[in-house]
file input.txt (compact mmCIF, C-alpha atoms)
# COMPACT_ATOMS: atom_id res chain seq x y z
CA MET A 2 -30.50 -8.15 67.29
CA LYS A 3 -29.61 -10.44 70.14
CA ARG A 4 -27.32 -13.37 69.48
CA SER A 5 -30.07 -15.88 70.32
CA ALA A 6 -32.35 -14.41 67.65
CA LYS A 7 -29.59 -14.55 65.02
CA LEU A 8 -28.92 -18.19 65.85
CA LEU A 9 -32.64 -18.85 65.50
CA ILE A 10 -32.69 -17.40 61.98
CA ALA A 11 -29.60 -19.38 60.99
CA ALA A 12 -31.10 -22.60 62.30
CA LEU A 13 -34.36 -22.16 60.42
CA LEU A 14 -32.73 -21.03 57.17
CA PHE A 15 -30.11 -23.75 56.95
CA LEU A 16 -30.87 -26.60 59.34
CA PRO A 17 -33.75 -29.01 59.90
CA THR A 18 -36.07 -28.05 62.72
CA THR A 19 -35.08 -29.77 65.95
CA ALA A 20 -37.20 -32.36 67.71
CA GLN A 21 -38.96 -33.40 64.53
CA LYS A 22 -38.69 -36.06 61.89
CA LEU A 23 -36.92 -35.21 58.64
CA PHE A 24 -39.12 -35.04 55.55
CA ALA A 25 -38.05 -34.63 51.92
CA THR A 26 -41.25 -32.75 51.07
CA ALA A 27 -42.88 -29.74 52.69
CA GLN A 28 -45.35 -31.05 55.26
CA GLU A 29 -48.84 -29.89 56.09
CA GLY A 30 -48.93 -28.51 59.60
CA ASN A 31 -50.82 -29.98 62.51
CA ILE A 32 -53.50 -27.72 64.01
CA ILE A 33 -53.68 -25.74 67.25
CA TYR A 34 -56.36 -23.38 68.55
CA ILE A 35 -55.43 -20.45 70.78
CA ASP A 36 -58.20 -18.16 72.01
CA GLY A 37 -60.42 -19.48 69.22
CA GLU A 38 -57.86 -18.71 66.49
CA ARG A 39 -56.51 -21.51 64.30
CA TRP A 40 -52.75 -21.87 63.76
CA ASP A 41 -50.60 -24.44 61.97
CA VAL A 42 -48.17 -26.37 64.17
CA LEU A 43 -44.83 -26.61 62.34
CA ALA A 44 -43.59 -29.62 64.26
CA GLU A 45 -44.53 -33.10 65.44
CA PRO A 46 -45.03 -32.63 69.21
CA ILE A 47 -45.89 -36.29 69.82
CA TYR A 48 -42.54 -37.31 68.34
CA ALA A 49 -40.77 -35.62 71.27
CA ASP A 50 -41.41 -38.93 73.05
CA THR A 51 -40.40 -41.48 70.41
CA ALA A 52 -41.80 -44.46 72.33
CA LEU A 53 -45.14 -42.68 72.68
CA PHE A 54 -45.08 -41.73 68.99
CA HIS A 55 -44.44 -45.27 67.76
CA ARG A 56 -47.07 -46.71 70.11
CA MET A 57 -49.61 -44.19 68.84
CA LYS A 58 -48.72 -44.71 65.19
CA ALA A 59 -48.94 -48.50 65.52
CA ALA A 60 -52.54 -48.09 66.73
CA LEU A 61 -53.63 -46.07 63.70
CA PRO A 62 -55.64 -47.87 61.00
CA LYS A 63 -53.39 -49.27 58.30
CA ASP A 64 -55.80 -48.30 55.52
CA ARG A 65 -55.70 -44.57 56.29
CA SER A 66 -54.67 -42.24 53.48
CA TRP A 67 -51.35 -40.47 53.34
CA SER A 68 -49.50 -38.22 50.91
CA THR A 69 -46.02 -36.81 50.41
CA ALA A 70 -47.28 -33.70 52.23
CA ASN A 71 -48.40 -35.85 55.16
CA TRP A 72 -46.10 -38.84 55.46
CA ASN A 73 -47.53 -39.86 58.86
CA GLY A 74 -51.07 -40.08 57.53
CA TYR A 75 -52.68 -38.17 60.38
CA THR A 76 -53.23 -34.64 61.69
CA SER A 77 -53.02 -33.90 65.39
CA TYR A 78 -55.25 -31.22 66.90
CA TRP A 79 -54.11 -29.17 69.89
CA SER A 80 -55.21 -26.28 72.05
CA ILE A 81 -53.87 -23.98 74.73
CA LYS A 82 -56.14 -24.00 77.77
CA GLN A 83 -55.28 -22.42 81.11
CA ASP A 84 -51.71 -21.91 79.85
CA CYS A 85 -51.26 -25.61 79.13
CA LEU A 86 -50.77 -27.56 75.89
CA PHE A 87 -53.45 -30.19 75.34
CA LEU A 88 -53.79 -32.85 72.64
CA ASP A 89 -57.46 -32.83 71.64
CA SER A 90 -57.71 -35.40 68.86
CA ILE A 91 -55.97 -37.23 66.02
CA GLY A 92 -57.68 -37.06 62.65
CA MET A 93 -57.24 -39.22 59.56
CA SER A 94 -58.78 -39.56 56.12
CA PHE A 95 -59.83 -42.70 54.26
CA TYR A 96 -60.28 -43.16 50.53
CA ILE A 97 -63.61 -44.67 49.49
CA LYS A 98 -63.02 -46.39 46.16
CA ASP A 99 -66.71 -46.86 45.27
CA THR A 100 -67.46 -43.15 45.50
CA ASN A 101 -63.96 -41.88 44.67
CA GLN A 102 -64.14 -39.65 47.74
CA TYR A 103 -62.51 -39.30 51.14
CA ARG A 104 -64.07 -39.47 54.56
CA SER A 105 -62.61 -38.08 57.78
CA GLU A 106 -62.41 -39.87 61.06
CA CYS A 107 -60.82 -39.29 64.49
CA LEU A 108 -59.42 -41.81 66.93
CA ASP A 109 -62.15 -42.71 69.39
CA GLU A 110 -61.93 -41.44 72.95
CA ASN A 111 -61.21 -44.86 74.47
CA THR A 112 -58.22 -45.40 72.18
CA MET A 113 -56.91 -41.92 72.96
CA GLN A 114 -57.22 -42.56 76.70
CA ARG A 115 -55.38 -45.87 76.35
CA LEU A 116 -52.56 -44.54 74.19
CA PHE A 117 -51.94 -41.47 76.34
CA SER A 118 -52.62 -42.99 79.73
CA GLY A 119 -50.65 -41.16 82.39
CA TYR A 120 -51.17 -37.83 80.63
CA THR A 121 -54.95 -37.67 80.98
CA LYS A 122 -56.33 -34.81 83.07
CA ARG A 123 -59.83 -33.57 83.63
CA GLU A 124 -59.36 -30.93 80.90
CA GLY A 125 -57.95 -33.46 78.43
CA ILE A 126 -54.58 -34.99 77.45
CA LEU A 127 -51.82 -32.76 78.87
CA ALA A 128 -48.66 -32.86 76.72
CA ALA A 129 -46.43 -33.20 79.77
CA TRP A 130 -43.89 -35.14 77.67
CA TYR A 131 -43.16 -31.99 75.64
CA THR A 132 -40.46 -29.50 76.69
CA ASN A 133 -39.26 -27.30 73.84
CA ASP A 134 -40.18 -24.29 71.73
CA LEU A 135 -43.25 -25.03 69.64
CA ARG A 136 -43.34 -23.10 66.36
CA ILE A 137 -46.78 -22.19 65.06
CA ALA A 138 -47.80 -20.10 62.05
CA ARG A 139 -50.65 -18.58 60.08
CA GLY A 140 -51.03 -16.26 57.09
CA LYS A 141 -49.44 -16.52 53.67
CA CYS A 142 -46.20 -18.34 52.99
CA VAL A 143 -43.35 -15.83 52.55
CA ARG A 144 -40.58 -18.39 51.95
CA TYR A 145 -41.29 -21.87 50.64
CA VAL A 146 -38.89 -24.71 51.37
CA HIS A 147 -39.55 -28.12 49.85
CA SER A 148 -38.64 -29.94 53.05
CA GLY A 149 -40.39 -30.66 56.32
CA TYR A 150 -41.59 -27.64 58.24
CA ASP A 151 -38.82 -25.29 57.07
CA SER A 152 -41.06 -22.83 55.18
CA ASN A 153 -41.74 -19.42 56.71
CA PHE A 154 -45.08 -17.67 57.07
CA GLU A 155 -46.40 -14.17 57.54
CA TYR A 156 -47.18 -14.64 61.23
CA GLU A 157 -45.12 -16.97 63.38
CA THR A 158 -45.10 -17.53 67.12
CA PHE A 159 -42.76 -19.54 69.30
CA LEU A 160 -44.45 -21.05 72.33
CA SER A 161 -41.99 -21.95 75.06
CA ILE A 162 -43.36 -25.16 76.60
CA ASP A 163 -42.05 -26.78 79.77
CA LYS A 164 -43.56 -30.20 80.52
CA GLY A 165 -46.75 -29.20 78.75
CA ARG A 166 -47.08 -25.80 80.39
CA LEU A 167 -46.84 -22.53 78.47
CA VAL A 168 -43.99 -20.46 79.92
CA SER A 169 -43.78 -17.64 77.36
CA ARG A 170 -44.38 -16.74 73.72
CA LYS A 171 -42.63 -14.66 71.07
CA ASP A 172 -44.61 -13.26 68.14
CA TYR A 173 -43.13 -12.29 64.76
CA HIS A 174 -44.50 -10.63 61.64
CA ASN A 175 -42.48 -11.77 58.63
CA LYS A 176 -42.64 -10.24 55.16
CA VAL A 177 -40.93 -10.16 51.76
CA ILE A 178 -39.62 -6.98 50.14
CA ASP A 179 -39.41 -7.54 46.39
CA GLY A 180 -36.20 -7.06 44.41
CA LEU A 181 -33.55 -8.90 42.41
CA SER A 182 -33.06 -12.60 43.00
CA PHE A 183 -31.55 -15.70 41.46
CA GLY A 184 -33.49 -18.77 40.39
CA GLU A 185 -36.59 -19.48 38.34
CA ARG A 186 -38.17 -16.05 38.85
CA GLY A 187 -34.95 -14.06 38.76
CA ILE A 188 -31.45 -14.13 37.33
CA GLN A 189 -30.98 -17.62 35.92
CA LYS A 190 -30.08 -17.78 32.23
CA GLN A 191 -26.52 -17.19 31.04
CA GLU A 192 -27.52 -14.08 29.10
CA ASP A 193 -29.14 -12.66 32.24
CA ILE A 194 -26.08 -13.44 34.35
CA LYS A 195 -23.70 -11.85 31.85
CA THR A 196 -25.93 -8.78 31.51
CA LYS A 197 -25.89 -8.19 35.25
CA PHE A 198 -22.29 -9.19 35.93
CA HIS A 199 -19.61 -7.89 33.57
CA LEU A 200 -16.45 -9.89 34.19
CA HIS A 201 -12.96 -9.47 32.78
CA PRO A 202 -11.50 -12.98 32.73
CA GLU A 203 -8.90 -11.80 30.20
CA LYS A 204 -7.17 -10.10 33.15
CA TYR A 205 -6.13 -13.53 34.35
CA PRO A 206 -3.95 -15.45 31.88
CA GLU A 207 -4.15 -18.50 34.14
CA LEU A 208 -7.82 -18.80 33.15
CA THR A 209 -6.83 -19.65 29.57
CA GLY A 210 -8.64 -22.83 28.58
CA VAL A 211 -11.21 -22.53 31.36
CA LYS A 212 -14.70 -22.93 29.93
CA ARG A 213 -16.83 -22.40 33.01
CA ILE A 214 -16.72 -21.04 36.54
CA LEU A 215 -18.94 -22.05 39.42
CA PHE A 216 -19.64 -19.16 41.79
CA SER A 217 -21.04 -19.74 45.28
CA ILE A 218 -22.38 -17.09 47.66
CA LYS A 219 -22.51 -17.26 51.43
CA ASN A 220 -22.42 -15.03 54.53
CA ALA A 221 -24.42 -12.34 52.70
CA SER A 222 -25.97 -9.54 54.73
CA VAL A 223 -28.47 -6.94 53.53
CA ASP A 224 -30.09 -3.74 54.72
CA SER A 225 -33.75 -2.75 54.60
CA LEU A 226 -33.30 -1.14 51.15
CA GLY A 227 -32.01 -4.31 49.53
CA ASN A 228 -28.34 -3.34 49.45
CA ILE A 229 -25.91 -6.22 49.97
CA THR A 230 -23.61 -4.91 52.69
CA ASP A 231 -21.22 -7.85 52.67
CA CYS A 232 -20.88 -11.37 51.32
CA THR A 233 -18.37 -14.11 50.64
CA VAL A 234 -18.00 -15.44 47.10
CA THR A 235 -15.94 -18.40 45.95
CA ALA A 236 -15.07 -19.19 42.33
CA ARG A 237 -14.27 -22.73 41.33
CA ILE A 238 -12.62 -23.28 37.95
CA TRP A 239 -11.86 -26.44 36.01
CA HIS A 240 -8.79 -27.42 34.00
CA GLY A 241 -10.00 -30.65 32.48
CA GLU A 242 -10.96 -32.87 35.37
CA GLN A 243 -8.96 -30.84 37.89
CA SER A 244 -10.51 -27.92 39.75
CA GLU A 245 -9.24 -25.10 41.92
CA TYR A 246 -10.46 -21.84 43.45
CA HIS A 247 -9.70 -18.44 41.96
CA GLN A 248 -9.78 -15.46 44.30
CA GLY A 249 -9.49 -12.68 41.73
CA ILE A 250 -12.53 -13.55 39.63
CA ALA A 251 -14.48 -14.29 42.82
CA GLU A 252 -13.79 -10.76 44.04
CA GLU A 253 -15.10 -9.35 40.73
CA ILE A 254 -18.43 -11.14 41.18
CA LYS A 255 -18.62 -10.03 44.81
CA GLN A 256 -18.19 -6.39 43.85
CA ALA A 257 -20.73 -6.76 41.04
CA ILE A 258 -23.28 -8.27 43.42
CA MET A 259 -22.77 -5.49 45.94
CA ALA A 260 -22.97 -2.80 43.25
CA ILE A 261 -26.50 -3.61 42.05
CA HIS A 262 -29.68 -3.23 44.07
CA PRO A 263 -32.29 -3.66 45.34
CA TRP A 264 -32.07 -7.37 46.10
CA LYS A 265 -35.06 -9.31 47.33
CA VAL A 266 -35.20 -9.17 51.12
CA LEU A 267 -36.89 -11.31 53.74
CA PHE A 268 -37.79 -9.60 57.01
CA LEU A 269 -37.61 -12.65 59.25
CA TYR A 270 -37.89 -12.69 63.04
CA GLY A 271 -37.15 -8.98 63.26
CA GLU A 272 -34.08 -8.96 61.01
CA TYR A 273 -33.50 -8.26 57.32
CA VAL A 274 -31.88 -11.20 55.52
CA PRO A 275 -31.19 -11.86 51.81
CA TYR A 276 -33.91 -13.89 50.16
CA GLU A 277 -32.42 -17.27 49.23
CA LEU A 278 -29.05 -15.74 48.35
CA ASN A 279 -26.90 -17.49 50.93
CA GLY A 280 -25.85 -20.90 49.71
CA TYR A 281 -26.75 -20.09 46.09
CA SER A 282 -24.41 -21.27 43.31
CA PHE A 283 -24.47 -20.42 39.62
CA ARG A 284 -22.42 -21.21 36.53
CA TYR A 285 -20.68 -18.63 34.37
CA ASP A 286 -19.65 -19.86 30.91
CA LEU A 287 -16.46 -18.60 29.32
CA ALA A 288 -14.97 -18.84 25.86
CA GLN A 289 -11.72 -20.73 25.78
CA THR A 290 -9.55 -17.69 25.04
CA PHE A 291 -11.82 -14.84 26.14
CA GLY A 292 -12.29 -13.16 22.77
CA VAL A 293 -8.94 -14.17 21.24
CA SER A 294 -9.67 -16.80 18.62
CA LYS A 295 -7.24 -19.58 17.77
CA GLU A 296 -7.21 -18.28 14.18
CA TYR A 297 -6.20 -14.80 15.47
CA ILE A 298 -3.29 -16.26 17.38
CA LYS A 299 -2.14 -18.50 14.52
CA GLY A 300 -2.51 -15.73 11.96
CA HIS A 301 -0.56 -13.06 13.82
CA TYR A 302 1.96 -14.91 15.94
CA SER A 303 4.05 -17.89 15.02
CA ALA A 304 5.35 -20.40 17.51
CA LYS A 305 8.77 -18.72 17.26
CA SER A 306 7.37 -15.27 17.97
CA LYS A 307 8.60 -13.42 21.04
CA TYR A 308 4.96 -13.03 22.06
CA ASN A 309 3.34 -15.76 24.13
CA ILE A 310 -0.29 -16.39 24.95
CA GLU A 311 -0.18 -14.44 28.20
CA GLU A 312 1.15 -11.35 26.42
CA ILE A 313 -1.57 -11.63 23.79
CA LEU A 314 -4.25 -11.79 26.44
CA LYS A 315 -2.81 -8.79 28.29
CA ARG A 316 -2.72 -6.75 25.06
CA LYS A 317 -6.30 -7.67 24.17
CA TYR A 318 -7.42 -6.77 27.68
CA LYS A 319 -5.81 -3.31 27.42
CA GLU A 320 -7.54 -2.76 24.08
CA SER A 321 -10.87 -3.78 25.63
CA MET A 322 -10.40 -1.42 28.59
CA ALA A 323 -9.50 1.42 26.24
CA ARG A 324 -12.75 0.87 24.35
CA ASP A 325 -14.66 0.83 27.64
CA SER A 326 -13.29 4.23 28.58
CA THR A 327 -14.49 5.85 25.33
CA ASN A 328 -18.03 4.47 25.14
CA THR A 329 -20.74 3.12 27.41
CA GLU A 330 -21.03 -0.26 25.75
CA ALA A 331 -20.25 -3.40 27.69
CA PRO A 332 -16.59 -4.52 27.64
CA MET A 333 -15.44 -7.21 25.30
CA CYS A 334 -17.32 -10.38 26.12
CA PRO A 335 -16.13 -13.88 25.27
CA PRO A 336 -17.70 -15.23 22.09
CA ASN A 337 -19.81 -18.39 22.11
CA ASN A 338 -18.03 -21.63 21.48

call {"tool": "encode", "arguments": {"input": "input.txt", "output": "structure tokens"}}
result
Amino acid sequence: MKRSAKLLIAALLFLPTTAQKLFATAQEGNIIYIDGERWDVLAEPIYADTALFHRMKAALPKDRSWSTANWNGYTSYWSIKQDCLFLDSIGMSFYIKDTNQYRSECLDENTMQRLFSGYTKREGILAAWYTNDLRIARGKCVRYVHSGYDSNFEYETFLSIDKGRLVSRKDYHNKVIDGLSFGERGIQKQEDIKTKFHLHPEKYPELTGVKRILFSIKNASVDSLGNITDCTVTARIWHGEQSEYHQGIAEEIKQAIMAIHPWKVLFLYGEYVPYELNGYSFRYDLAQTFGVSKEYIKGHYSAKSKYNIEEILKRKYKESMARDSTNTEAPMCPPNN
């Protein structure tokens, strides 16, 4: 895929959409009609001219309804006519307390003409203030993001607009290929994590006393079959209030992630990408001595013994690995605290 397309995916997966306001909740799209077909506009085109936006918003009725999915309290309606972007109307809803219902209303034509004077043409209000890619969508949501217009949909099109005129368009068909994932509908609980990822923390004596590890995944790439082809994993460990990164245990998780498949895949803008894997972090709980109880140590080795804790851990690890080689059961796991 071309570099520009890869940058596009990165921007939409990790960054707020440009030329739009930032919202903490997923927003309902504005509406555009192209050749009689309705699309959602995943942007605020009027906001491209902030002075125009604030002048328009100040003219809207103060008693209009709004919601967390529509912070502005209006929906703008657009159309493409003769390869030009036109603003057709601005709709609002009002709550009627007596009937416990809502009524819809649009700004009247005179107000529209006054607010957008200088942009009025015979065909309507030409969005000559707008020069940017305009992202529109329809179909089912394939990736929900609880912020602004960052969700992805089955069909998306990027309209390249230059001073209100349509220069070109790029059409995409996005889809989800089911597989393993983290989160609410996937690998989340500690027992699930430990079932999927068998670690050997006893290999690392410096992890003695560590009760938990925080793993973070980034730079993951995937093929069409759901195989993770590469990724970067970091492991953060805590000694009391102090924390540091541990490369060895991070590499174990990386290899475990790459060994299992298929992972859930998002086919987005012509490229296969991991579904919500990049940027994901999860906790892995450890027992304090990884299967070597304090009673075991006190009962078998005195403080004057030639054996120290590191030697004990190494011996127990060798015993665990020997058991692994003779049966198919999971290696020695740390007991619960």

call {"tool": "closest_atom_pairs", "arguments": {"input": "input.txt", "of": "range 115-180 of chain A", "to": "range 77-100 of chain A", "cutoff": "6 Å", "atoms": "only C-alpha atoms", "output": "CSV"}}
result
residue,atom,partner,partner_atom,distance
A:Ile126,CA,A:Leu88,CA,5.3
A:Leu127,CA,A:Phe87,CA,4.7
A:Ala128,CA,A:Phe87,CA,5.7
A:Gly165,CA,A:Leu86,CA,5.2
A:Arg166,CA,A:Cys85,CA,4.4
A:Leu167,CA,A:Asp84,CA,5.1

call {"tool": "atom_distance", "arguments": {"input": "input.txt", "atom1": "CA of Trp72 in chain A", "atom2": "CA of Gly37 in chain A"}}
result
27.7 Å

call {"tool": "atom_distance", "arguments": {"input": "input.txt", "atom1": "CA of Tyr34 in chain A", "atom2": "CA of Ala59 in chain A"}}
result
26.4 Å

call {"tool": "closest_residue", "arguments": {"input": "input.txt", "among": "A:Thr230, A:Asn31, A:Gln102, A:Gln243", "to": "Ile137 in chain A", "atoms": "only C-alpha atoms"}}
result
A:Asn31

call {"tool": "atom_distance", "arguments": {"input": "input.txt", "atom1": "CA of Asn71 in chain A", "atom2": "CA of Gly149 in chain A"}}
result
9.6 Å

call {"tool": "residues_near_point", "arguments": {"input": "input.txt", "point": "(-17.4, -9.8, 43.7)", "cutoff": "12 Å", "atoms": "all atoms listed in the file", "output": "MDAnalysis selection string"}}
result
chainID A and resid 198:201 216:219 221 229:236 247:261

call {"tool": "residues_around", "arguments": {"input": "input.txt", "residues": "Gly119 in chain A", "least_positions_apart": "4", "cutoff": "12 Å", "atoms": "only C-alpha atoms", "output": "ChimeraX atom specification"}}
result
/A:53,113-115,123,125-130

call {"tool": "residues_near_point", "arguments": {"input": "input.txt", "point": "(-43.9, -16.8, 76.3)", "cutoff": "6 Å", "atoms": "only C-alpha atoms", "output": "list of chain:residue names"}}
result
A:Leu160, A:Ser161, A:Val168, A:Ser169, A:Arg170, A:Lys171

call {"tool": "residues_around", "arguments": {"input": "input.txt", "residues": "Asn153 in chain A", "least_positions_apart": "5", "cutoff": "12 Å", "atoms": "only C-alpha atoms", "output": "ChimeraX atom specification"}}
result
/A:10,13-14,18,27,30,41,43,136-148,158,173-177,267-270,276

call {"tool": "closest_residue", "arguments": {"input": "input.txt", "among": "A:Ile188, A:Cys107, A:Val274, A:Ile238", "to": "Arg213 in chain A", "atoms": "only C-alpha atoms"}}
result
A:Ile238

call {"tool": "closest_residue", "arguments": {"input": "input.txt", "among": "A:Pro275, A:Pro202, A:Gly241, A:Gly180", "to": "Pro263 in chain A", "atoms": "all atoms listed in the file"}}
result
A:Gly180

call {"tool": "closest_residue", "arguments": {"input": "input.txt", "among": "A:Asp109, A:Asp286, A:Glu38, A:Asp134", "to": "Gly210 in chain A", "atoms": "all atoms listed in the file"}}
result
A:Asp286
